[in-house]
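Q: Input structure: input-v8.cif, which contains mmCIF, C-alpha atoms.
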data_data
#
loop_
_atom_site.group_PDB
_atom_site.id
_atom_site.type_symbol
_atom_site.label_atom_id
_atom_site.label_comp_id
_atom_site.auth_asym_id
_atom_site.auth_seq_id
_atom_site.Cartn_x
_atom_site.Cartn_y
_atom_site.Cartn_z
ATOM 1 C CA MET A 1 19.611 22.546 22.575
ATOM 2 C CA ARG A 2 20.998 21.449 25.962
ATOM 3 C CA THR A 3 23.917 19.645 24.269
ATOM 4 C CA THR A 4 24.770 22.715 22.190
ATOM 5 C CA PHE A 5 24.785 25.014 25.314
ATOM 6 C CA THR A 6 26.983 22.586 27.237
ATOM 7 C CA ALA A 7 29.460 22.309 24.367
ATOM 8 C CA PHE A 8 29.545 26.113 24.071
ATOM 9 C CA ALA A 9 30.186 26.549 27.761
ATOM 10 C CA ALA A 10 32.994 23.999 27.698
ATOM 11 C CA ALA A 11 34.581 25.684 24.702
ATOM 12 C CA PHE A 12 34.345 29.109 26.401
ATOM 13 C CA LEU A 13 35.998 27.785 29.555
ATOM 14 C CA VAL A 14 38.860 26.257 27.563
ATOM 15 C CA ALA A 15 39.393 29.493 25.656
ATOM 16 C CA THR A 16 39.371 31.536 28.850
ATOM 17 C CA LEU A 17 41.917 29.310 30.567
ATOM 18 C CA ALA A 18 44.127 29.312 27.494
ATOM 19 C CA GLY A 19 44.079 33.109 27.404
ATOM 20 C CA CYS A 20 44.922 33.450 31.072
ATOM 21 C CA GLY A 21 47.834 31.067 30.957
ATOM 22 C CA THR A 22 48.810 29.233 34.098
ATOM 23 C CA ILE A 23 46.389 29.614 36.944
ATOM 24 C CA GLN A 24 48.117 31.494 39.850
ATOM 25 C CA GLN A 25 47.907 29.712 43.129
ATOM 26 C CA PRO A 26 47.656 31.927 46.260
ATOM 27 C CA GLU A 27 51.004 32.403 47.970
ATOM 28 C CA PRO A 28 51.321 30.733 51.321
ATOM 29 C CA ALA A 29 51.169 33.092 54.299
ATOM 30 C CA THR A 30 54.642 34.080 55.488
ATOM 31 C CA SER A 31 55.492 34.332 59.176
ATOM 32 C CA VAL A 32 56.284 37.859 60.453
ATOM 33 C CA THR A 33 59.300 38.204 62.757
ATOM 34 C CA PRO A 34 58.367 40.169 65.885
ATOM 35 C CA ALA A 35 60.032 43.580 66.274
ATOM 36 C CA MET A 36 63.039 43.360 68.557
ATOM 37 C CA GLN A 37 64.216 45.997 71.075
ATOM 38 C CA THR A 38 67.844 46.900 70.689
ATOM 39 C CA PRO A 39 69.946 49.128 72.946
ATOM 40 C CA GLN A 40 70.793 52.495 71.450
ATOM 41 C CA ARG A 41 72.517 55.649 72.697
ATOM 42 C CA PHE A 42 71.779 59.320 72.071
ATOM 43 C CA GLN A 43 74.459 61.897 72.703
ATOM 44 C CA ALA A 44 74.386 65.615 72.015
ATOM 45 C CA THR A 45 75.728 68.824 73.486
ATOM 46 C CA ILE A 46 72.840 71.176 74.268
ATOM 47 C CA THR A 47 73.579 74.725 75.344
ATOM 48 C CA HIS A 48 71.700 77.972 75.699
ATOM 49 C CA THR A 49 72.698 81.513 76.568
ATOM 50 C CA ALA A 50 71.400 82.695 79.923
ATOM 51 C CA LYS A 51 70.505 86.351 80.320
ATOM 52 C CA LEU A 52 68.895 87.736 83.466
ATOM 53 C CA ASP A 53 68.543 91.340 84.531
ATOM 54 C CA TYR A 54 68.599 91.768 88.291
ATOM 55 C CA LEU A 55 68.529 94.266 91.111
ATOM 56 C CA LEU A 56 71.515 94.241 93.455
ATOM 57 C CA PHE A 57 71.430 95.675 96.962
ATOM 58 C CA LEU A 58 74.567 95.989 99.071
ATOM 59 C CA PRO A 59 74.014 96.417 102.814
ATOM 60 C CA GLU A 60 75.188 99.444 104.734
ATOM 61 C CA GLY A 61 78.840 99.150 105.591
ATOM 62 C CA TYR A 62 79.575 96.660 102.824
ATOM 63 C CA LYS A 63 83.144 96.792 101.506
ATOM 64 C CA LYS A 64 84.372 94.910 98.488
ATOM 65 C CA SER A 65 87.907 94.790 99.833
ATOM 66 C CA GLY A 66 88.927 93.331 103.166
ATOM 67 C CA THR A 67 88.336 90.050 104.934
ATOM 68 C CA ASN A 68 84.741 90.601 106.015
ATOM 69 C CA THR A 69 82.119 88.532 104.206
ATOM 70 C CA TRP A 70 78.379 89.115 104.017
ATOM 71 C CA PRO A 71 75.300 86.916 103.899
ATOM 72 C CA LEU A 72 73.493 86.813 100.561
ATOM 73 C CA MET A 73 69.794 86.426 99.825
ATOM 74 C CA LEU A 74 68.360 85.381 96.469
ATOM 75 C CA PHE A 75 64.776 86.561 95.925
ATOM 76 C CA LEU A 76 62.501 85.129 93.215
ATOM 77 C CA HIS A 77 59.454 87.180 92.254
ATOM 78 C CA GLY A 78 56.062 85.945 91.035
ATOM 79 C CA ALA A 79 54.612 85.567 87.531
ATOM 80 C CA GLY A 80 53.210 89.091 87.474
ATOM 81 C CA GLU A 81 56.663 90.672 87.625
ATOM 82 C CA ARG A 82 58.122 88.912 84.568
ATOM 83 C CA GLY A 83 59.240 90.950 81.585
ATOM 84 C CA THR A 84 61.779 93.644 80.786
ATOM 85 C CA ASN A 85 60.803 96.384 83.240
ATOM 86 C CA ILE A 86 63.226 95.748 86.088
ATOM 87 C CA ASP A 87 61.331 98.129 88.394
ATOM 88 C CA LYS A 88 58.511 95.560 88.617
ATOM 89 C CA VAL A 89 60.811 93.280 90.594
ATOM 90 C CA ALA A 90 60.688 95.694 93.534
ATOM 91 C CA VAL A 91 56.885 95.626 93.826
ATOM 92 C CA HIS A 92 56.896 92.918 96.506
ATOM 93 C CA GLY A 93 59.182 91.258 98.982
ATOM 94 C CA PRO A 94 62.760 92.097 99.989
ATOM 95 C CA PRO A 95 63.552 94.435 97.058
ATOM 96 C CA ARG A 96 60.585 96.522 98.148
ATOM 97 C CA ILE A 97 61.743 96.433 101.759
ATOM 98 C CA VAL A 98 65.259 97.690 101.022
ATOM 99 C CA LYS A 99 63.863 100.791 99.334
ATOM 100 C CA LYS A 100 62.724 101.890 102.790
ATOM 101 C CA GLU A 101 64.939 100.047 105.246
ATOM 102 C CA LYS A 102 68.638 100.774 104.949
ATOM 103 C CA GLY A 103 69.505 98.286 107.682
ATOM 104 C CA PHE A 104 68.700 95.188 105.634
ATOM 105 C CA PRO A 105 71.596 92.887 106.571
ATOM 106 C CA PHE A 106 71.961 90.880 103.344
ATOM 107 C CA ILE A 107 73.446 91.313 99.931
ATOM 108 C CA LEU A 108 70.199 91.036 98.002
ATOM 109 C CA VAL A 109 70.034 89.602 94.488
ATOM 110 C CA SER A 110 66.639 89.942 92.795
ATOM 111 C CA PRO A 111 66.613 88.673 89.186
ATOM 112 C CA GLN A 112 63.794 89.207 86.711
ATOM 113 C CA CYS A 113 62.349 86.243 84.857
ATOM 114 C CA PRO A 114 61.704 86.909 81.137
ATOM 115 C CA ASP A 115 58.172 86.862 79.733
ATOM 116 C CA ASP A 116 56.540 83.493 79.044
ATOM 117 C CA ARG A 117 59.088 81.659 81.172
ATOM 118 C CA ILE A 118 59.454 80.161 84.625
ATOM 119 C CA TRP A 119 62.534 80.084 86.829
ATOM 120 C CA ARG A 120 65.359 77.832 85.640
ATOM 121 C CA ASP A 121 67.676 76.310 88.205
ATOM 122 C CA ASP A 122 70.772 76.345 85.995
ATOM 123 C CA GLU A 123 70.421 80.047 85.197
ATOM 124 C CA LEU A 124 69.908 80.994 88.832
ATOM 125 C CA LEU A 125 72.947 79.000 89.935
ATOM 126 C CA ALA A 126 75.055 80.644 87.233
ATOM 127 C CA LEU A 127 73.879 84.072 88.418
ATOM 128 C CA LEU A 128 74.755 83.161 92.001
ATOM 129 C CA ASP A 129 78.209 82.039 90.950
ATOM 130 C CA GLU A 130 78.850 85.346 89.200
ATOM 131 C CA VAL A 131 77.663 87.483 92.114
ATOM 132 C CA ILE A 132 79.696 85.439 94.595
ATOM 133 C CA ALA A 133 82.785 85.770 92.420
ATOM 134 C CA LYS A 134 82.438 89.558 92.310
ATOM 135 C CA HIS A 135 81.491 90.259 95.929
ATOM 136 C CA ASN A 136 82.530 89.385 99.460
ATOM 137 C CA VAL A 137 79.923 86.719 100.128
ATOM 138 C CA ASP A 138 79.863 84.282 103.017
ATOM 139 C CA THR A 139 79.099 81.117 101.048
ATOM 140 C CA ASN A 140 77.963 79.377 104.237
ATOM 141 C CA ARG A 141 75.196 81.972 104.589
ATOM 142 C CA VAL A 142 73.428 82.025 101.232
ATOM 143 C CA TYR A 143 69.634 82.179 101.585
ATOM 144 C CA LEU A 144 66.691 81.717 99.266
ATOM 145 C CA THR A 145 63.134 83.025 99.202
ATOM 146 C CA GLY A 146 60.379 83.623 96.668
ATOM 147 C CA LEU A 147 56.651 84.091 96.289
ATOM 148 C CA SER A 148 54.039 82.377 94.090
ATOM 149 C CA MET A 149 55.950 81.398 90.915
ATOM 150 C CA GLY A 150 59.030 82.326 92.913
ATOM 151 C CA GLY A 151 57.797 80.040 95.676
ATOM 152 C CA TYR A 152 57.828 77.207 93.168
ATOM 153 C CA GLY A 153 61.281 78.339 92.066
ATOM 154 C CA SER A 154 62.483 78.332 95.672
ATOM 155 C CA TRP A 155 61.199 74.803 96.261
ATOM 156 C CA SER A 156 62.862 73.602 93.074
ATOM 157 C CA LEU A 157 66.228 75.265 93.595
ATOM 158 C CA GLY A 158 66.389 74.498 97.309
ATOM 159 C CA THR A 159 65.484 70.818 97.069
ATOM 160 C CA ARG A 160 67.602 70.066 93.994
ATOM 161 C CA HIS A 161 70.644 71.998 95.229
ATOM 162 C CA PRO A 162 70.393 72.086 99.034
ATOM 163 C CA GLU A 163 74.174 72.212 99.380
ATOM 164 C CA ARG A 164 74.137 75.773 98.013
ATOM 165 C CA PHE A 165 71.825 77.240 100.663
ATOM 166 C CA ALA A 166 71.656 77.513 104.420
ATOM 167 C CA ALA A 167 67.917 78.271 104.600
ATOM 168 C CA SER A 168 64.918 78.865 102.353
ATOM 169 C CA ALA A 169 61.523 80.540 102.778
ATOM 170 C CA PRO A 170 59.110 79.570 99.966
ATOM 171 C CA ILE A 171 55.845 81.519 100.052
ATOM 172 C CA CYS A 172 52.548 80.321 98.512
ATOM 173 C CA GLY A 173 54.363 77.918 96.215
ATOM 174 C CA GLY A 174 54.678 74.200 95.620
ATOM 175 C CA GLY A 175 57.007 71.713 94.057
ATOM 176 C CA ASP A 176 57.952 68.259 92.907
ATOM 177 C CA GLN A 177 58.432 65.559 95.534
ATOM 178 C CA ILE A 178 60.458 63.249 93.280
ATOM 179 C CA PRO A 179 63.789 65.152 93.538
ATOM 180 C CA VAL A 180 63.442 64.992 97.322
ATOM 181 C CA LEU A 181 62.602 61.306 97.482
ATOM 182 C CA LEU A 182 65.123 60.150 94.871
ATOM 183 C CA THR A 183 68.032 62.489 95.573
ATOM 184 C CA SER A 184 71.596 61.288 96.008
ATOM 185 C CA LYS A 185 73.081 60.467 99.410
ATOM 186 C CA GLU A 186 75.211 63.606 99.288
ATOM 187 C CA LYS A 187 72.291 65.903 98.553
ATOM 188 C CA ARG A 188 70.097 64.142 101.093
ATOM 189 C CA ALA A 189 72.733 64.836 103.746
ATOM 190 C CA ALA A 190 72.769 68.514 102.739
ATOM 191 C CA MET A 191 68.973 68.597 102.736
ATOM 192 C CA LYS A 192 68.823 67.364 106.320
ATOM 193 C CA SER A 193 70.594 70.512 107.484
ATOM 194 C CA LEU A 194 68.648 72.919 105.253
ATOM 195 C CA GLY A 195 66.365 75.268 107.164
ATOM 196 C CA VAL A 196 62.936 75.661 105.558
ATOM 197 C CA TRP A 197 60.179 78.004 106.712
ATOM 198 C CA ALA A 198 57.232 77.961 104.319
ATOM 199 C CA PHE A 199 54.226 80.294 104.341
ATOM 200 C CA HIS A 200 50.769 79.997 102.809
ATOM 201 C CA GLY A 201 47.286 81.500 103.005
ATOM 202 C CA ALA A 202 44.520 79.079 103.983
ATOM 203 C CA LYS A 203 42.144 80.707 101.476
ATOM 204 C CA ASP A 204 44.578 80.880 98.570
ATOM 205 C CA PRO A 205 42.531 80.459 95.336
ATOM 206 C CA VAL A 206 45.603 80.398 93.068
ATOM 207 C CA VAL A 207 47.962 77.925 94.728
ATOM 208 C CA ALA A 208 46.265 75.487 97.085
ATOM 209 C CA LEU A 209 47.529 75.249 100.650
ATOM 210 C CA GLU A 210 48.073 71.530 100.049
ATOM 211 C CA GLU A 211 51.023 72.409 97.797
ATOM 212 C CA SER A 212 53.057 73.774 100.706
ATOM 213 C CA GLN A 213 51.807 71.064 103.054
ATOM 214 C CA ARG A 214 52.894 68.313 100.671
ATOM 215 C CA MET A 215 56.388 69.733 100.256
ATOM 216 C CA THR A 216 57.021 70.316 103.959
ATOM 217 C CA ASN A 217 55.748 66.821 104.782
ATOM 218 C CA THR A 218 57.992 65.342 102.091
ATOM 219 C CA LEU A 219 61.044 67.113 103.510
ATOM 220 C CA MET A 220 60.272 65.870 106.986
ATOM 221 C CA ARG A 221 59.956 62.302 105.691
ATOM 222 C CA ALA A 222 63.329 62.755 103.992
ATOM 223 C CA GLY A 223 64.916 63.613 107.330
ATOM 224 C CA CYS A 224 65.038 67.406 107.102
ATOM 225 C CA LYS A 225 65.203 68.480 110.731
ATOM 226 C CA ASP A 226 64.335 72.187 110.504
ATOM 227 C CA VAL A 227 61.063 72.498 108.595
ATOM 228 C CA LYS A 228 57.986 74.482 109.507
ATOM 229 C CA LEU A 229 54.899 75.862 107.787
ATOM 230 C CA THR A 230 53.051 78.997 108.847
ATOM 231 C CA VAL A 231 49.449 79.199 107.617
ATOM 232 C CA TYR A 232 47.517 82.473 107.754
ATOM 233 C CA PRO A 233 43.852 81.452 108.245
ATOM 234 C CA GLU A 234 42.306 84.466 106.515
ATOM 235 C CA ALA A 235 44.931 85.127 103.844
ATOM 236 C CA SER A 236 44.295 84.458 100.166
ATOM 237 C CA HIS A 237 47.103 84.364 97.614
ATOM 238 C CA ASP A 238 48.938 87.341 99.056
ATOM 239 C CA SER A 239 50.468 85.674 102.069
ATOM 240 C CA TRP A 240 53.848 87.238 101.300
ATOM 241 C CA THR A 241 53.039 90.647 102.771
ATOM 242 C CA ARG A 242 52.525 89.143 106.225
ATOM 243 C CA ALA A 243 55.349 86.647 105.797
ATOM 244 C CA TYR A 244 57.941 89.309 105.050
ATOM 245 C CA GLU A 245 56.661 91.333 108.000
ATOM 246 C CA GLU A 246 57.302 88.479 110.436
ATOM 247 C CA PRO A 247 59.739 89.960 112.987
ATOM 248 C CA GLU A 248 61.517 86.635 113.433
ATOM 249 C CA LEU A 249 62.061 85.884 109.753
ATOM 250 C CA TRP A 250 65.344 87.712 109.179
ATOM 251 C CA PRO A 251 66.929 86.579 112.478
ATOM 252 C CA TRP A 252 65.786 83.036 111.597
ATOM 253 C CA PHE A 253 67.672 83.246 108.308
ATOM 254 C CA LEU A 254 70.820 84.592 109.923
ATOM 255 C CA ALA A 255 70.786 81.840 112.553
ATOM 256 C CA HIS A 256 71.385 79.277 109.809
ATOM 257 C CA ARG A 257 74.740 78.385 108.348
ATOM 258 C CA ARG A 258 75.399 75.731 105.744
ATOM 259 C CA GLY A 259 75.950 72.395 107.422
ATOM 260 C CA LYS A 260 74.992 73.600 110.892
#
Have the structure of the file written as structure tokens, please.
A:
Amino acid sequence: MRTTFTAFAAAFLVATLAGCGTIQQPEPATSVTPAMQTPQRFQATITHTAKLDYLLFLPEGYKKSGTNTWPLMLFLHGAGERGTNIDKVAVHGPPRIVKKEKGFPFILVSPQCPDDRIWRDDELLALLDEVIAKHNVDTNRVYLTGLSMGGYGSWSLGTRHPERFAASAPICGGGDQIPVLLTSKEKRAAMKSLGVWAFHGAKDPVVALEESQRMTNTLMRAGCKDVKLTVYPEASHDSWTRAYEEPELWPWFLAHRRGK
């Protein structure tokens, strides 16, 4: 019986191998070449159409013709005034002031940021260029101010393009230190002569006081010689009402000229 089973098993094995043909040996493992980094270049032209509605105020006595030029102030509103209703822009700040005070000494440009957006430097500079081209503006006396989201916009525009402004007053805003620390030699030189007077409420629950403190400290470390921060101890987010009521604010602006 044992011999018969063994012979049967041997015969089965031979038949199986014959049916399968040549036994496949496992392929040797192949070496994988590591991925290599190669230098590449991306190039594209990216454009977008800028469209900003804005309020324009011309000071008493302004004349488009003649040799006299006028200081210009760019005002950036907060997030609550975005949209398509241009009247909302005059709820706070300088555009509200000029509705009552005819003696405001600046050409005032107050754009409105569209819904679901924040301020864009390139659009604001393009708007400035257009207004300057159409009006008698003293380009050595162009000033910048804004509140909340507009405070952030003022920090951004003023620190990235200091050569365009003589002075800036960001209110309850903040910004990015990197453009200040890593700016070019030319812009750093312009930044050193930029006047900056920031304002903030010590009890601001929306934008922390540290935001303004960090930006003013960064400017001072970068060599900006005319930087100060006014903190209202009891103010919350609305520090702009008191800031724009400061009797020295407008004379402080007018005392600054680009490069001096």
Q: Determine the nearest neighbour of Glu130 (chain A) from the options A:Ala189, A:Phe42, A:Leu58, A:Val109, counting only C-alpha atoms.
A: A:Val109
Q: From the set A:Lys225, A:Lys64, A:Arg117, A:Arg242, which residue has the shortest atom-to-atom contact distance to His135 (chain A), counting all atoms listed in the file?
A: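 The closest residue to His135 (chain A) is A:Lys64.
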Q: Once the PyMOL selection byres ((chain A and resi 85-98) around 9) has been evaluated on this model, what residues remain selected, and can you format them as a PDB file with C-alpha atoms, keeping the file's coordinate frame?
A:
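Output below, filename result13.pdb:
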ATOM      1  CA  ASP A  53      68.543  91.340  84.531  1.00  0.00           C
ATOM      2  CA  TYR A  54      68.599  91.768  88.291  1.00  0.00           C
ATOM      3  CA  LEU A  55      68.529  94.266  91.111  1.00  0.00           C
ATOM      4  CA  LEU A  56      71.515  94.241  93.455  1.00  0.00           C
ATOM      5  CA  PHE A  57      71.430  95.675  96.962  1.00  0.00           C
ATOM      6  CA  PHE A  75      64.776  86.561  95.925  1.00  0.00           C
ATOM      7  CA  LEU A  76      62.501  85.129  93.215  1.00  0.00           C
ATOM      8  CA  HIS A  77      59.454  87.180  92.254  1.00  0.00           C
ATOM      9  CA  GLY A  78      56.062  85.945  91.035  1.00  0.00           C
ATOM     10  CA  GLY A  80      53.210  89.091  87.474  1.00  0.00           C
ATOM     11  CA  GLU A  81      56.663  90.672  87.625  1.00  0.00           C
ATOM     12  CA  ARG A  82      58.122  88.912  84.568  1.00  0.00           C
ATOM     13  CA  GLY A  83      59.240  90.950  81.585  1.00  0.00           C
ATOM     14  CA  THR A  84      61.779  93.644  80.786  1.00  0.00           C
ATOM     15  CA  LYS A  99      63.863 100.791  99.334  1.00  0.00           C
ATOM     16  CA  LYS A 100      62.724 101.890 102.790  1.00  0.00           C
ATOM     17  CA  GLU A 101      64.939 100.047 105.246  1.00  0.00           C
ATOM     18  CA  LYS A 102      68.638 100.774 104.949  1.00  0.00           C
ATOM     19  CA  GLY A 103      69.505  98.286 107.682  1.00  0.00           C
ATOM     20  CA  PHE A 104      68.700  95.188 105.634  1.00  0.00           C
ATOM     21  CA  LEU A 108      70.199  91.036  98.002  1.00  0.00           C
ATOM     22  CA  VAL A 109      70.034  89.602  94.488  1.00  0.00           C
ATOM     23  CA  SER A 110      66.639  89.942  92.795  1.00  0.00           C
ATOM     24  CA  PRO A 111      66.613  88.673  89.186  1.00  0.00           C
ATOM     25  CA  GLN A 112      63.794  89.207  86.711  1.00  0.00           C
ATOM     26  CA  GLY A 146      60.379  83.623  96.668  1.00  0.00           C
ATOM     27  CA  LEU A 147      56.651  84.091  96.289  1.00  0.00           C
ATOM     28  CA  TRP A 240      53.848  87.238 101.300  1.00  0.00           C
ATOM     29  CA  THR A 241      53.039  90.647 102.771  1.00  0.00           C
ATOM     30  CA  TYR A 244      57.941  89.309 105.050  1.00  0.00           C
TER      31      TYR A 244
END
Q: Would you write out, as a list in words, every residue that the PyMOL selection byres ((chain A and resi 178) around 12) captures in this file?
A: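 Listing what the PyMOL selection byres ((chain A and resi 178) around 12) selects in the shown file: Trp155, Ser156, Thr159, Arg160, Gly175, Asp176, Gln177, Pro179, Val180, Leu181, Leu182, Thr183, Ser184, Arg214, Met215, Thr218, Leu219 and Ala222 of chain A.
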Q: To one decimal place, how far is CA of Trp252 (chain A) from CA of Leu124 (chain A) in Å?
A: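 Going from CA of Trp252 (chain A) over to CA of Leu124 (chain A) covers 23.2 Å.
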Q: Give me the region 158-197 of chain A side of the contact with region 136-142 of chain A, cut-off 10 Å, one line per residue showing its nearest atom pair and distance in Å at one decimal, counting all atoms listed in the file, sorted by chain and residue number, as a Markdown table.
A:
| residue | atom | partner | partner_atom | distance |
| --- | --- | --- | --- | --- |
| A:Glu163 | CA | A:Asn140 | CA | 9.4 |
| A:Arg164 | CA | A:Val142 | CA | 7.1 |
| A:Phe165 | CA | A:Val142 | CA | 5.1 |
| A:Ala166 | CA | A:Arg141 | CA | 5.7 |
| A:Ala167 | CA | A:Val142 | CA | 7.5 |
| A:Ser168 | CA | A:Val142 | CA | 9.1 |
Q: Let me have the centre and edge lengths of the axis-aligned box enclosing all listed atoms of region 228-240 of chain A with 5 Å padding on every side, in Å to one decimal, as AutoDock Vina command-line options.
A:
--center_x 50.1 --center_y 80.9 --center_z 103.6 --size_x 25.7 --size_y 22.9 --size_z 21.9
Q: Could you check how far CA of Thr49 (chain A) sits from CA of Ser148 (chain A), in Å to one decimal?
A: 25.6 Å
Q: I need the residue set behind the PyMOL selection byres ((chain A and resi 118) around 9) for this file; please write it as a list of chain:residue names.
A: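 Checked against the file, the PyMOL selection byres ((chain A and resi 118) around 9) matches A:Ala79, A:Arg82, A:Cys113, A:Pro114, A:Asp115, A:Asp116, A:Arg117, A:Trp119, A:Arg120, A:Met149, A:Gly150, A:Gly153.
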Q: For a cut-off of 12 Å around (87.0, 94.3, 96.8), file coordinates, pick out all residues using all atoms listed in the file and list them as a VMD selection string.
A: chain A and resid 62 to 69 132 to 137
Q: Excluding His237 (chain A) and its own-chain neighbours fewer than 5 positions away, which residues fall within 8 Å of it when counting only C-alpha atoms? Please give them as a ChimeraX atom specification.
A: /A:172,200-201,203-207
Q: Quick one: write out the picked residues with C-alpha atoms as a PDB file, in the frame of the given file?
A:
ATOM      1  CA  CYS A 172      52.548  80.321  98.512  1.00  0.00           C
ATOM      2  CA  HIS A 200      50.769  79.997 102.809  1.00  0.00           C
ATOM      3  CA  GLY A 201      47.286  81.500 103.005  1.00  0.00           C
ATOM      4  CA  LYS A 203      42.144  80.707 101.476  1.00  0.00           C
ATOM      5  CA  ASP A 204      44.578  80.880  98.570  1.00  0.00           C
ATOM      6  CA  PRO A 205      42.531  80.459  95.336  1.00  0.00           C
ATOM      7  CA  VAL A 206      45.603  80.398  93.068  1.00  0.00           C
ATOM      8  CA  VAL A 207      47.962  77.925  94.728  1.00  0.00           C
TER       9      VAL A 207
END
Q: Hey, could you patch up region 203-221 of chain A with N, CA and C atoms and hand it over as an mmCIF file, keeping the file's coordinate frame?
A:
data_model
loop_
_atom_site.group_PDB
_atom_site.id
_atom_site.type_symbol
_atom_site.label_atom_id
_atom_site.label_comp_id
_atom_site.auth_asym_id
_atom_site.auth_seq_id
_atom_site.Cartn_x
_atom_site.Cartn_y
_atom_site.Cartn_z
ATOM 1 N N LYS A 203 43.189 80.463 102.468
ATOM 2 C CA LYS A 203 42.144 80.707 101.476
ATOM 3 C C LYS A 203 42.727 81.059 100.107
ATOM 4 N N ASP A 204 43.908 80.580 99.835
ATOM 5 C CA ASP A 204 44.578 80.880 98.570
ATOM 6 C C ASP A 204 43.824 80.232 97.412
ATOM 7 N N PRO A 205 43.261 81.032 96.478
ATOM 8 C CA PRO A 205 42.531 80.459 95.336
ATOM 9 C C PRO A 205 43.427 80.167 94.139
ATOM 10 N N VAL A 206 44.682 80.563 94.195
ATOM 11 C CA VAL A 206 45.603 80.398 93.068
ATOM 12 C C VAL A 206 46.479 79.171 93.246
ATOM 13 N N VAL A 207 47.135 79.076 94.387
ATOM 14 C CA VAL A 207 47.962 77.925 94.728
ATOM 15 C C VAL A 207 47.403 77.324 96.013
ATOM 16 N N ALA A 208 46.913 76.113 95.939
ATOM 17 C CA ALA A 208 46.265 75.487 97.085
ATOM 18 C C ALA A 208 47.240 75.295 98.239
ATOM 19 N N LEU A 209 46.728 75.452 99.446
ATOM 20 C CA LEU A 209 47.529 75.249 100.650
ATOM 21 C C LEU A 209 48.199 73.877 100.649
ATOM 22 N N GLU A 210 47.524 72.889 100.073
ATOM 23 C CA GLU A 210 48.073 71.530 100.049
ATOM 24 C C GLU A 210 49.434 71.457 99.366
ATOM 25 N N GLU A 211 49.727 72.401 98.477
ATOM 26 C CA GLU A 211 51.023 72.409 97.797
ATOM 27 C C GLU A 211 52.165 72.586 98.807
ATOM 28 N N SER A 212 52.025 73.562 99.690
ATOM 29 C CA SER A 212 53.057 73.774 100.706
ATOM 30 C C SER A 212 53.070 72.646 101.733
ATOM 31 N N GLN A 213 51.887 72.157 102.083
ATOM 32 C CA GLN A 213 51.807 71.064 103.054
ATOM 33 C C GLN A 213 52.502 69.817 102.526
ATOM 34 N N ARG A 214 52.282 69.511 101.252
ATOM 35 C CA ARG A 214 52.894 68.313 100.671
ATOM 36 C C ARG A 214 54.416 68.413 100.654
ATOM 37 N N MET A 215 54.942 69.589 100.329
ATOM 38 C CA MET A 215 56.388 69.733 100.256
ATOM 39 C C MET A 215 57.032 69.697 101.641
ATOM 40 N N THR A 216 56.435 70.351 102.613
ATOM 41 C CA THR A 216 57.021 70.316 103.959
ATOM 42 C C THR A 216 56.952 68.904 104.537
ATOM 43 N N ASN A 217 55.857 68.204 104.303
ATOM 44 C CA ASN A 217 55.748 66.821 104.782
ATOM 45 C C ASN A 217 56.784 65.922 104.110
ATOM 46 N N THR A 218 57.007 66.147 102.815
ATOM 47 C CA THR A 218 57.992 65.342 102.091
ATOM 48 C C THR A 218 59.392 65.570 102.646
ATOM 49 N N LEU A 219 59.727 66.824 102.946
ATOM 50 C CA LEU A 219 61.044 67.113 103.510
ATOM 51 C C LEU A 219 61.215 66.461 104.878
ATOM 52 N N MET A 220 60.182 66.492 105.671
ATOM 53 C CA MET A 220 60.272 65.870 106.986
ATOM 54 C C MET A 220 60.468 64.363 106.869
ATOM 55 N N ARG A 221 59.776 63.742 105.908
ATOM 56 C CA ARG A 221 59.956 62.302 105.691
ATOM 57 C C ARG A 221 61.367 61.992 105.197
#
